[in-house]
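The file upload39.cif comes next; it holds mmCIF, C-alpha atoms and all ligand atoms.
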data_target
loop_
_atom_site.label_atom_id
_atom_site.label_comp_id
_atom_site.auth_asym_id
_atom_site.auth_seq_id
_atom_site.Cartn_x
_atom_site.Cartn_y
_atom_site.Cartn_z
CA MET F 1 -18.59 -0.18 11.61
CA THR F 2 -17.25 2.27 9.08
CA SER F 3 -16.16 0.38 6.00
CA ILE F 4 -15.48 1.65 2.52
CA ASP F 5 -17.70 -0.32 0.15
CA VAL F 6 -17.11 -0.36 -3.56
CA GLN F 7 -19.69 -2.19 -5.70
CA ASN F 8 -19.30 -2.85 -9.43
CA LEU F 9 -17.53 0.47 -9.75
CA THR F 10 -16.62 1.50 -13.29
CA LYS F 11 -15.11 4.76 -14.52
CA GLU F 12 -14.44 5.49 -18.15
CA TYR F 13 -12.53 8.48 -19.48
CA GLY F 14 -13.33 8.46 -23.18
CA THR F 15 -12.18 5.07 -24.36
CA THR F 16 -10.03 4.43 -21.24
CA ARG F 17 -11.61 2.23 -18.60
CA ALA F 18 -9.74 3.48 -15.53
CA VAL F 19 -11.80 1.37 -13.10
CA ASP F 20 -13.53 -1.75 -14.34
CA GLN F 21 -16.34 -3.44 -12.39
CA LEU F 22 -14.46 -3.13 -9.12
CA THR F 23 -16.01 -4.65 -5.99
CA CYS F 24 -14.20 -4.62 -2.65
CA THR F 25 -14.68 -3.68 1.00
CA VAL F 26 -12.05 -1.91 3.08
CA ARG F 27 -12.60 -2.83 6.72
CA PRO F 28 -11.86 -1.07 10.00
CA GLY F 29 -9.07 -2.04 12.38
CA LYS F 30 -6.56 -2.76 9.64
CA VAL F 31 -4.24 -0.95 7.32
CA THR F 32 -5.22 -1.95 3.78
CA GLY F 33 -2.49 -1.44 1.21
CA PHE F 34 -3.83 -0.38 -2.19
CA LEU F 35 -1.42 -1.59 -4.85
CA GLY F 36 -1.19 -1.76 -8.60
CA PRO F 37 1.04 -0.71 -11.47
CA ASN F 38 1.01 2.87 -12.81
CA GLY F 39 -2.37 3.63 -14.33
CA ALA F 40 -4.08 0.69 -12.61
CA GLY F 41 -6.86 2.93 -11.29
CA LYS F 42 -5.93 3.44 -7.63
CA SER F 43 -6.19 7.24 -7.60
CA THR F 44 -9.36 7.15 -9.69
CA THR F 45 -10.95 4.73 -7.21
CA MET F 46 -10.01 6.99 -4.30
CA ARG F 47 -11.40 10.03 -6.13
CA LEU F 48 -14.65 8.17 -6.79
CA VAL F 49 -14.94 7.14 -3.12
CA LEU F 50 -14.41 10.79 -2.15
CA GLY F 51 -17.03 12.02 -4.61
CA LEU F 52 -14.44 14.02 -6.58
CA ASP F 53 -15.46 12.25 -9.76
CA ARG F 54 -18.69 10.56 -10.86
CA PRO F 55 -18.65 6.85 -11.60
CA THR F 56 -19.77 5.70 -15.04
CA SER F 57 -21.62 2.96 -13.16
CA GLY F 58 -21.57 1.26 -9.78
CA THR F 59 -21.34 2.75 -6.29
CA ALA F 60 -18.81 3.71 -3.66
CA THR F 61 -19.95 4.36 -0.09
CA ILE F 62 -18.40 5.07 3.27
CA GLY F 63 -20.27 3.66 6.25
CA GLY F 64 -23.14 2.93 3.85
CA ARG F 65 -23.44 6.48 2.48
CA PRO F 66 -22.00 8.19 -0.57
CA TYR F 67 -19.38 10.76 0.44
CA ALA F 68 -21.54 13.59 -0.93
CA ASP F 69 -24.27 12.74 1.61
CA ILE F 70 -21.94 12.97 4.63
CA ASP F 71 -22.32 16.20 6.62
CA GLU F 72 -19.06 17.85 7.67
CA PRO F 73 -17.15 15.10 5.89
CA LEU F 74 -13.73 15.85 7.42
CA ARG F 75 -15.13 14.62 10.74
CA HIS F 76 -15.75 11.21 9.19
CA VAL F 77 -13.26 10.80 6.37
CA GLY F 78 -9.73 12.17 6.14
CA ALA F 79 -7.89 11.95 2.84
CA LEU F 80 -4.56 12.87 1.36
CA LEU F 81 -4.72 12.75 -2.42
CA ASP F 82 -2.53 15.49 -3.78
CA ALA F 83 -0.16 17.18 -1.39
CA GLN F 84 0.33 20.07 -3.86
CA ALA F 85 -3.33 21.03 -3.60
CA ALA F 86 -3.05 23.37 -0.58
CA HIS F 87 -3.17 27.12 -1.23
CA GLY F 88 0.50 28.20 -1.39
CA SER F 89 0.19 31.75 -0.07
CA ARG F 90 -1.49 30.64 3.17
CA THR F 91 0.44 29.59 6.21
CA ALA F 92 0.10 25.96 7.28
CA ARG F 93 -1.85 27.03 10.37
CA ASN F 94 -4.26 29.24 8.40
CA HIS F 95 -4.83 26.50 5.86
CA LEU F 96 -5.83 24.09 8.64
CA LEU F 97 -7.88 26.75 10.46
CA ALA F 98 -9.91 27.34 7.29
CA LEU F 99 -10.57 23.62 6.91
CA ALA F 100 -11.49 23.36 10.59
CA ALA F 101 -13.93 26.26 10.39
CA ALA F 102 -15.67 24.80 7.32
CA ASN F 103 -16.22 21.52 9.17
CA ARG F 104 -17.06 22.88 12.64
CA ILE F 105 -13.87 21.41 14.06
CA PRO F 106 -12.49 23.24 17.14
CA ALA F 107 -9.45 25.42 16.40
CA ARG F 108 -7.40 23.66 19.10
CA ARG F 109 -7.37 20.55 16.89
CA VAL F 110 -5.24 22.55 14.47
CA GLU F 111 -2.45 22.85 17.02
CA GLU F 112 -2.78 19.15 17.91
CA VAL F 113 -2.43 17.94 14.33
CA LEU F 114 0.40 20.39 13.59
CA GLU F 115 2.22 18.90 16.56
CA GLU F 116 1.38 15.36 15.54
CA ALA F 117 2.64 15.93 12.00
CA GLY F 118 5.89 17.49 13.23
CA LEU F 119 4.98 20.89 11.77
CA ALA F 120 4.52 22.92 14.96
CA THR F 121 7.63 25.02 14.34
CA ALA F 122 6.73 25.60 10.67
CA ALA F 123 3.06 26.42 11.31
CA GLY F 124 3.52 30.14 10.59
CA ARG F 125 5.31 29.63 7.29
CA ARG F 126 3.66 30.00 3.90
CA ILE F 127 2.97 26.65 2.29
CA LYS F 128 4.74 27.67 -0.91
CA THR F 129 8.03 27.59 1.03
CA PHE F 130 7.42 23.97 2.10
CA SER F 131 9.40 21.01 0.76
CA LEU F 132 7.50 18.07 -0.73
CA GLY F 133 7.92 16.15 2.53
CA MET F 134 6.51 19.07 4.55
CA ARG F 135 3.55 19.30 2.18
CA GLN F 136 2.93 15.61 2.70
CA ARG F 137 2.99 16.15 6.45
CA LEU F 138 0.57 19.04 6.08
CA GLY F 139 -1.73 16.91 3.93
CA ILE F 140 -1.69 14.20 6.57
CA ALA F 141 -2.34 16.78 9.30
CA ALA F 142 -5.39 17.93 7.30
CA ALA F 143 -6.57 14.33 6.92
CA LEU F 144 -6.39 13.85 10.71
CA LEU F 145 -7.99 17.18 11.59
CA GLY F 146 -11.53 15.90 12.12
CA ASP F 147 -10.43 12.79 14.04
CA PRO F 148 -12.04 10.69 11.29
CA ARG F 149 -12.94 6.98 11.44
CA VAL F 150 -11.82 6.54 7.83
CA ILE F 151 -8.44 7.63 6.48
CA MET F 152 -7.41 7.39 2.82
CA LEU F 153 -3.86 8.25 1.86
CA ASP F 154 -2.51 8.24 -1.70
CA GLU F 155 1.25 7.63 -1.66
CA PRO F 156 1.78 9.19 1.78
CA SER F 157 5.51 8.39 1.95
CA ASN F 158 6.16 10.47 -1.15
CA GLY F 159 8.97 12.92 -0.42
CA LEU F 160 9.35 11.91 3.23
CA ASP F 161 12.82 11.37 4.67
CA PRO F 162 13.61 8.10 6.53
CA GLU F 163 12.44 9.54 9.84
CA GLY F 164 9.22 10.69 8.14
CA ILE F 165 8.68 7.25 6.65
CA ILE F 166 8.94 5.66 10.09
CA TRP F 167 6.57 8.30 11.45
CA ILE F 168 3.90 7.66 8.82
CA ARG F 169 4.22 3.89 9.26
CA GLU F 170 3.71 4.14 13.01
CA LEU F 171 0.88 6.60 12.58
CA MET F 172 -0.98 4.25 10.23
CA ARG F 173 -0.46 1.30 12.56
CA ARG F 174 -1.82 3.32 15.48
CA LEU F 175 -4.85 4.53 13.52
CA ALA F 176 -5.69 0.93 12.66
CA ARG F 177 -5.18 -0.19 16.28
CA GLU F 178 -7.68 2.48 17.28
CA GLY F 179 -10.20 0.68 15.07
CA ARG F 180 -10.14 3.11 12.17
CA THR F 181 -10.37 2.17 8.50
CA VAL F 182 -7.07 2.98 6.81
CA LEU F 183 -6.57 2.70 3.04
CA VAL F 184 -3.10 3.54 1.73
CA SER F 185 -1.87 3.41 -1.85
CA SER F 186 1.80 2.92 -2.49
CA HIS F 187 4.32 1.89 -5.12
CA LEU F 188 6.87 0.91 -2.50
CA MET F 189 6.49 -2.78 -1.81
CA ASN F 190 9.08 -3.07 0.94
CA GLU F 191 7.47 -0.10 2.62
CA THR F 192 3.93 -1.46 2.25
CA ALA F 193 5.07 -4.77 3.75
CA THR F 194 5.97 -2.92 6.96
CA PHE F 195 2.53 -1.44 7.61
CA ALA F 196 -0.26 -3.25 5.74
CA ASP F 197 -2.32 -6.11 7.16
CA HIS F 198 -4.48 -6.49 4.11
CA LEU F 199 -4.03 -5.81 0.39
CA VAL F 200 -6.27 -4.76 -2.44
CA VAL F 201 -4.41 -5.07 -5.74
CA LEU F 202 -5.61 -3.58 -9.03
CA GLY F 203 -4.42 -4.21 -12.58
CA ARG F 204 -5.87 -2.23 -15.49
CA GLY F 205 -8.78 -1.16 -13.34
CA ARG F 206 -9.75 -4.68 -12.30
CA LEU F 207 -9.43 -6.38 -8.94
CA LEU F 208 -6.48 -8.78 -8.94
CA ALA F 209 -6.39 -9.59 -5.22
CA ASP F 210 -8.25 -8.74 -2.01
CA THR F 211 -6.57 -10.74 0.71
CA SER F 212 -4.42 -10.64 3.83
CA MET F 213 -0.74 -9.80 3.29
CA ARG F 214 0.28 -13.25 4.50
CA ASP F 215 -2.09 -15.11 2.17
CA PHE F 216 -1.10 -12.88 -0.72
CA ILE F 217 2.58 -13.71 -0.37
CA ALA F 218 1.87 -17.42 0.09
CA ALA F 219 -0.44 -17.52 -2.95
CA HIS F 220 1.91 -15.71 -5.33
CA SER F 221 5.25 -17.22 -4.52
CA SER F 222 6.65 -20.72 -4.59
CA PRO F 223 8.39 -22.19 -1.55
CA ARG F 224 12.14 -21.88 -1.32
CA VAL F 225 14.59 -23.30 1.18
CA ARG F 226 17.97 -22.00 2.28
CA LEU F 227 20.55 -24.35 3.72
CA ARG F 228 24.17 -24.78 4.68
CA THR F 229 25.94 -28.15 4.63
CA PRO F 230 29.51 -29.44 4.50
CA ASP F 231 28.29 -32.14 2.08
CA GLY F 232 26.83 -29.95 -0.68
CA ASP F 233 27.75 -32.03 -3.70
CA ARG F 234 26.23 -35.22 -2.29
CA LEU F 235 23.00 -33.50 -1.24
CA ARG F 236 22.77 -31.77 -4.60
CA GLY F 237 22.94 -35.14 -6.34
CA LEU F 238 20.25 -36.61 -4.10
CA LEU F 239 17.95 -33.65 -4.65
CA ALA F 240 18.55 -33.69 -8.40
CA ASP F 241 17.30 -37.30 -8.43
CA LYS F 242 14.04 -35.98 -6.95
CA GLY F 243 13.80 -33.15 -9.48
CA TYR F 244 14.99 -30.30 -7.25
CA ALA F 245 17.79 -27.98 -8.30
CA MET F 246 20.15 -26.95 -5.50
CA THR F 247 21.88 -23.66 -6.33
CA ALA F 248 25.05 -22.35 -4.67
CA GLN F 249 24.84 -18.79 -3.34
CA ASP F 250 27.74 -16.36 -2.98
CA ASP F 251 27.72 -16.58 0.81
CA GLY F 252 28.40 -20.34 0.90
CA ARG F 253 24.74 -21.24 1.38
CA TRP F 254 22.54 -23.14 -1.05
CA THR F 255 18.96 -22.54 -2.11
CA VAL F 256 16.40 -25.00 -3.41
CA GLU F 257 13.22 -23.84 -5.19
CA GLY F 258 9.80 -25.42 -4.98
CA VAL F 259 10.29 -27.45 -1.80
CA LYS F 260 9.70 -27.13 1.95
CA ALA F 261 12.36 -27.42 4.63
CA GLU F 262 10.73 -30.57 6.10
CA GLU F 263 11.30 -32.51 2.91
CA ILE F 264 14.95 -31.48 2.59
CA GLY F 265 15.47 -32.23 6.28
CA SER F 266 14.21 -35.78 5.97
CA ILE F 267 16.18 -36.47 2.77
CA ALA F 268 19.36 -35.23 4.44
CA ALA F 269 18.66 -37.22 7.62
CA GLY F 270 17.99 -40.38 5.58
CA HIS F 271 21.48 -40.11 4.09
CA ALA F 272 23.26 -38.92 7.23
CA ILE F 273 24.06 -35.55 5.68
CA ALA F 274 24.73 -32.84 8.25
CA LEU F 275 22.75 -29.63 7.85
CA LEU F 276 24.26 -26.61 9.58
CA GLU F 277 21.33 -24.42 8.63
CA LEU F 278 17.92 -25.14 7.12
CA ALA F 279 15.06 -22.67 6.74
CA ASP F 280 12.02 -21.91 4.60
CA GLU F 281 12.56 -18.57 2.94
CA GLN F 282 9.68 -16.14 3.06
CA ALA F 283 9.14 -14.53 -0.33
CA SER F 284 8.96 -10.76 -0.21
CA LEU F 285 5.81 -8.82 -0.96
CA GLU F 286 7.67 -7.36 -3.92
CA GLN F 287 8.35 -10.78 -5.43
CA ALA F 288 4.74 -11.87 -4.93
CA TYR F 289 3.44 -8.59 -6.34
CA LEU F 290 5.64 -8.76 -9.43
CA ALA F 291 4.54 -12.34 -10.04
CA LEU F 292 0.88 -11.31 -9.88
CA THR F 293 1.06 -8.09 -11.87
CA ALA F 294 3.53 -9.13 -14.59
CA ASP F 295 0.70 -9.31 -17.14
CA ASP F 296 -1.13 -6.23 -15.91
CA THR F 297 1.63 -3.68 -16.07
CA GLU F 298 0.75 -1.14 -18.72
CA PHE F 299 4.00 0.81 -18.61
CA ALA F 300 6.88 -1.66 -18.10
CA ALA F 301 10.27 -1.61 -19.84
CA THR F 302 10.01 -5.36 -20.31
CA ALA F 303 7.60 -7.70 -18.62
CA THR F 304 10.39 -9.63 -16.93
CA THR F 305 12.44 -6.76 -15.52
CA PRO F 306 11.77 -6.47 -11.78
CA ARG F 307 11.20 -2.85 -10.90
CA GLN F 308 13.42 -1.29 -8.31
CA GLU F 309 11.84 0.50 -5.43
CA ALA F 310 11.62 4.19 -6.28
N1 LIG F 401 -9.02 12.87 -15.54
C1 LIG F 401 -8.66 11.90 -16.37
N2 LIG F 401 -8.86 11.97 -17.70
C2 LIG F 401 -8.50 11.00 -18.53
N3 LIG F 401 -7.90 9.84 -18.14
C3 LIG F 401 -7.66 9.69 -16.84
C4 LIG F 401 -8.02 10.70 -15.88
N4 LIG F 401 -7.66 10.26 -14.65
C5 LIG F 401 -7.09 9.04 -14.82
N5 LIG F 401 -7.11 8.71 -16.13
C6 LIG F 401 -6.61 7.44 -16.70
O1 LIG F 401 -7.15 6.40 -15.94
C7 LIG F 401 -6.21 5.35 -15.75
C8 LIG F 401 -6.03 5.10 -14.25
O2 LIG F 401 -5.33 6.19 -13.68
P1 LIG F 401 -5.06 6.33 -12.11
O3 LIG F 401 -4.37 7.65 -11.92
O4 LIG F 401 -6.32 6.09 -11.38
O5 LIG F 401 -4.07 5.13 -11.86
P2 LIG F 401 -3.14 4.86 -10.58
O6 LIG F 401 -3.27 3.41 -10.28
O7 LIG F 401 -3.46 5.81 -9.50
O8 LIG F 401 -1.72 5.17 -11.21
P3 LIG F 401 -0.37 5.69 -10.52
O9 LIG F 401 0.16 4.54 -9.76
O10 LIG F 401 0.49 6.03 -11.70
O11 LIG F 401 -0.73 6.88 -9.67
C9 LIG F 401 -4.94 5.78 -16.47
O12 LIG F 401 -4.95 5.19 -17.76
C10 LIG F 401 -5.10 7.28 -16.55
O13 LIG F 401 -4.41 7.79 -17.67
#

Please rewrite the model in this file as structure tokens.
Amino acid sequence: MTSIDVQNLTKEYGTTRAVDQLTCTVRPGKVTGFLGPNGAGKSTTMRLVLGLDRPTSGTATIGGRPYADIDEPLRHVGALLDAQAAHGSRTARNHLLALAAANRIPARRVEEVLEEAGLATAAGRRIKTFSLGMRQRLGIAAALLGDPRVIMLDEPSNGLDPEGIIWIRELMRRLAREGRTVLVSSHLMNETATFADHLVVLGRGRLLADTSMRDFIAAHSSPRVRLRTPDGDRLRGLLADKGYAMTAQDDGRWTVEGVKAEEIGSIAAGHAIALLELADEQASLEQAYLALTADDTEFAATATTPRQEA
């Protein structure tokens, strides 16, 4: 089993505590979404796991070993941290060939990952001519080069077009199905909801949540019911007597907060009120995330303004 294990990890930059006593385990066979407001410590944690920075205290290991102790690390751990990092005057193919040679990876893997990342026709071009999306694809190709069991991607959808976003989503799902450990940071909640099974959420360097996506949404949202009825005013009165507010929506439906569909259904049935539609509404990951991180957002316009997806 190749897990990423973080134990009491702390990183201070001067007086800034970027990561604060963080303990979590990222397990194989799942895509784990790594979330948190700007400056929460996600990139710092990834850098510490990859040995690119030294922790102030605590440990980060991959499969039980610090990254620095892993021989030919690209064969075990693939990471995309900064897509701008590749040497601009090299071609994409030469960049990957150099990485392959340094890690004793056969050169034919270069052609495979170029193909997989949709860069086969651009392989002979210098990286400095690449768009941001192409650089992301190249970074992901590099991460996959050594067929690693552990993949860490920092904002992989950055700069990708809609087709690229679908590609990366399906790629991550497949990597997890193959039993690999996949850790992906993102600011895009709707996007994360489409690929993550599990979530690790940071706020100001501390762990706010380490839970399945489903449990996270259930824990950080209140129930809400959507319904349609020809007898809205009567039902609204009945629900008001029980302390529930029924709110008219623009599309002719009503919503009721803080209640489950079963309860509304039995109240309506008890008073012979017809319901043409009745359903529990699933809160979105974005709503649950905003509810959890409202107090931990360092750089927000106002604490109550929901952020739009970038
Ligand atoms: N090299 C550094 N020197 C000084 N401070 C740093 C350094 N790297 C990160 N920090 C600080 O550490 C904190 C965490 O930053 P980090 O980049 O890890 O957050 P993040 O969650 O990845 O944010 P974002 O979502 O904006 O990418 C921030 O306050 C940041 O300013």

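What separates atom CA of Leu74 of chain F from atom CA of Pro37 of chain F is a distance of 29.1 Å.
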
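Distance annotation: of F:Arg104, F:Lys30, F:Arg135, F:Lys260, the residue with the minimal separation from Asp82 of chain F is F:Arg135; atom set is all atoms listed in the file.
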
Quick one: what's the axis-aligned box for segment 253-272 of chain F, all listed atoms, 6 Å on every side, centre and edges in Å to one decimal, as lines of an AutoDock Vina configuration file?
center_x = 17.2
center_y = -30.8
center_z = 1.2
size_x = 27.0
size_y = 31.1
size_z = 24.8

Please find the residues contacting ligand LIG 401 (chain F) at a distance of at most 6 Å between atoms, with all atoms listed in the file counted, and report them as a compact mmCIF listing (two decimals) with C-alpha atoms, in the coordinates of the input.
# COMPACT_ATOMS: atom_id res chain seq x y z
CA TYR F 13 -12.53 8.48 -19.48
CA ALA F 18 -9.74 3.48 -15.53
CA GLY F 36 -1.19 -1.76 -8.60
CA PRO F 37 1.04 -0.71 -11.47
CA ASN F 38 1.01 2.87 -12.81
CA GLY F 39 -2.37 3.63 -14.33
CA ALA F 40 -4.08 0.69 -12.61
CA GLY F 41 -6.86 2.93 -11.29
CA LYS F 42 -5.93 3.44 -7.63
CA SER F 43 -6.19 7.24 -7.60
CA THR F 44 -9.36 7.15 -9.69

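Picture a line from atom CA of Pro28 of chain F to atom CA of Val182 of chain F; it runs 7.0 Å.
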
(message) To one decimal place in Å, what is the distance between atom CA of Ala274 of chain F and atom CA of Gly258 of chain F?
(response) 21.3 Å

(message) What's around Val256 of chain F at 6 Å? Count all atoms listed in the file, leave out sequence neighbours fewer than 6 positions away in its own chain, and write the answer as a PyMOL selection string.
(response) chain F and resi 224-225+245-246

(request) Excluding Thr181 of chain F and any residue of its chain fewer than 6 positions from it, enumerate the residues within 6 Å of it, using all atoms listed in the file, and give them as a ChimeraX atom specification. (result) /F:27-29,150

(message) Around the point (-18.0, 4.0, -15.9) (coordinates from the file), which residues reach within 7 Å if we count only C-alpha atoms? Answer as number ranges by chain.
(response) F: 10-12, 55-57

How would the residues just picked look written out with C-alpha atoms as an mmCIF file, in the frame of the given file?
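Generated file (out.cif):
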data_model
loop_
_atom_site.group_PDB
_atom_site.id
_atom_site.type_symbol
_atom_site.label_atom_id
_atom_site.label_comp_id
_atom_site.auth_asym_id
_atom_site.auth_seq_id
_atom_site.Cartn_x
_atom_site.Cartn_y
_atom_site.Cartn_z
ATOM 1 C CA THR F 10 -16.620 1.500 -13.290
ATOM 2 C CA LYS F 11 -15.110 4.760 -14.520
ATOM 3 C CA GLU F 12 -14.440 5.490 -18.150
ATOM 4 C CA PRO F 55 -18.650 6.850 -11.600
ATOM 5 C CA THR F 56 -19.770 5.700 -15.040
ATOM 6 C CA SER F 57 -21.620 2.960 -13.160
#

(message) Around (-6.2, 28.2, 8.6), as given in the file, which residues come within 12 Å? Count all atoms listed in the file and list them as number ranges by chain.
(response) F: 86-87, 89-102, 105-111, 114, 123-127, 138, 142, 145

Produce a file of the selected residues containing C-alpha atoms, as a short mmCIF file (atom, residue, chain, number, x, y, z; two decimals), keeping the file's coordinate frame.
data_model
loop_
_atom_site.label_atom_id
_atom_site.label_comp_id
_atom_site.auth_asym_id
_atom_site.auth_seq_id
_atom_site.Cartn_x
_atom_site.Cartn_y
_atom_site.Cartn_z
CA ALA F 86 -3.05 23.37 -0.58
CA HIS F 87 -3.17 27.12 -1.23
CA SER F 89 0.19 31.75 -0.07
CA ARG F 90 -1.49 30.64 3.17
CA THR F 91 0.44 29.59 6.21
CA ALA F 92 0.10 25.96 7.28
CA ARG F 93 -1.85 27.03 10.37
CA ASN F 94 -4.26 29.24 8.40
CA HIS F 95 -4.83 26.50 5.86
CA LEU F 96 -5.83 24.09 8.64
CA LEU F 97 -7.88 26.75 10.46
CA ALA F 98 -9.91 27.34 7.29
CA LEU F 99 -10.57 23.62 6.91
CA ALA F 100 -11.49 23.36 10.59
CA ALA F 101 -13.93 26.26 10.39
CA ALA F 102 -15.67 24.80 7.32
CA ILE F 105 -13.87 21.41 14.06
CA PRO F 106 -12.49 23.24 17.14
CA ALA F 107 -9.45 25.42 16.40
CA ARG F 108 -7.40 23.66 19.10
CA ARG F 109 -7.37 20.55 16.89
CA VAL F 110 -5.24 22.55 14.47
CA GLU F 111 -2.45 22.85 17.02
CA LEU F 114 0.40 20.39 13.59
CA ALA F 123 3.06 26.42 11.31
CA GLY F 124 3.52 30.14 10.59
CA ARG F 125 5.31 29.63 7.29
CA ARG F 126 3.66 30.00 3.90
CA ILE F 127 2.97 26.65 2.29
CA LEU F 138 0.57 19.04 6.08
CA ALA F 142 -5.39 17.93 7.30
CA LEU F 145 -7.99 17.18 11.59
#

(message) Measuring between all atoms listed in the file, which one of F:Gly14, F:Gly139, F:Gly133, F:Gly33 shows the shortest distance to Ala196 of chain F?
(response) F:Gly33

(message) Given all atoms listed in the file as the basis, pick out the residue of F:Leu238, F:Ala294, F:Ala283, F:Ala143 nearest to Gly270 of chain F.
(response) F:Leu238

(message) Using only C-alpha atoms for the distances, tell me which of F:Thr121, F:Asp71, F:Phe130, F:Glu116 is nearest to Gly88 of chain F.
(response) F:Phe130

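The residue that comes closest to Gly179 of chain F, out of F:Ala120, F:Ile151, F:Ala279, F:Leu290 and on the basis of all atoms listed in the file, is F:Ile151.
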
(request) Excluding Ala268 of chain F and any residue of its chain fewer than 6 positions from it, enumerate the residues within 12 Å of it, using only C-alpha atoms, and give them as a ChimeraX atom specification. (result) /F:227-232,234-239,261-262,274-278

(request) Mind checking which residues fall within 10 Å of Ala219 of chain F, counting all atoms listed in the file, ignoring those fewer than 5 positions away in the same chain, and posting them as number ranges by chain? (result) F: 211, 213-214, 288, 292

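The nearest approach to Gln7 of chain F among the residues F:Leu207, F:Ser185, F:Leu160, F:Asp69, with all atoms listed in the file taken into account, belongs to F:Leu207.
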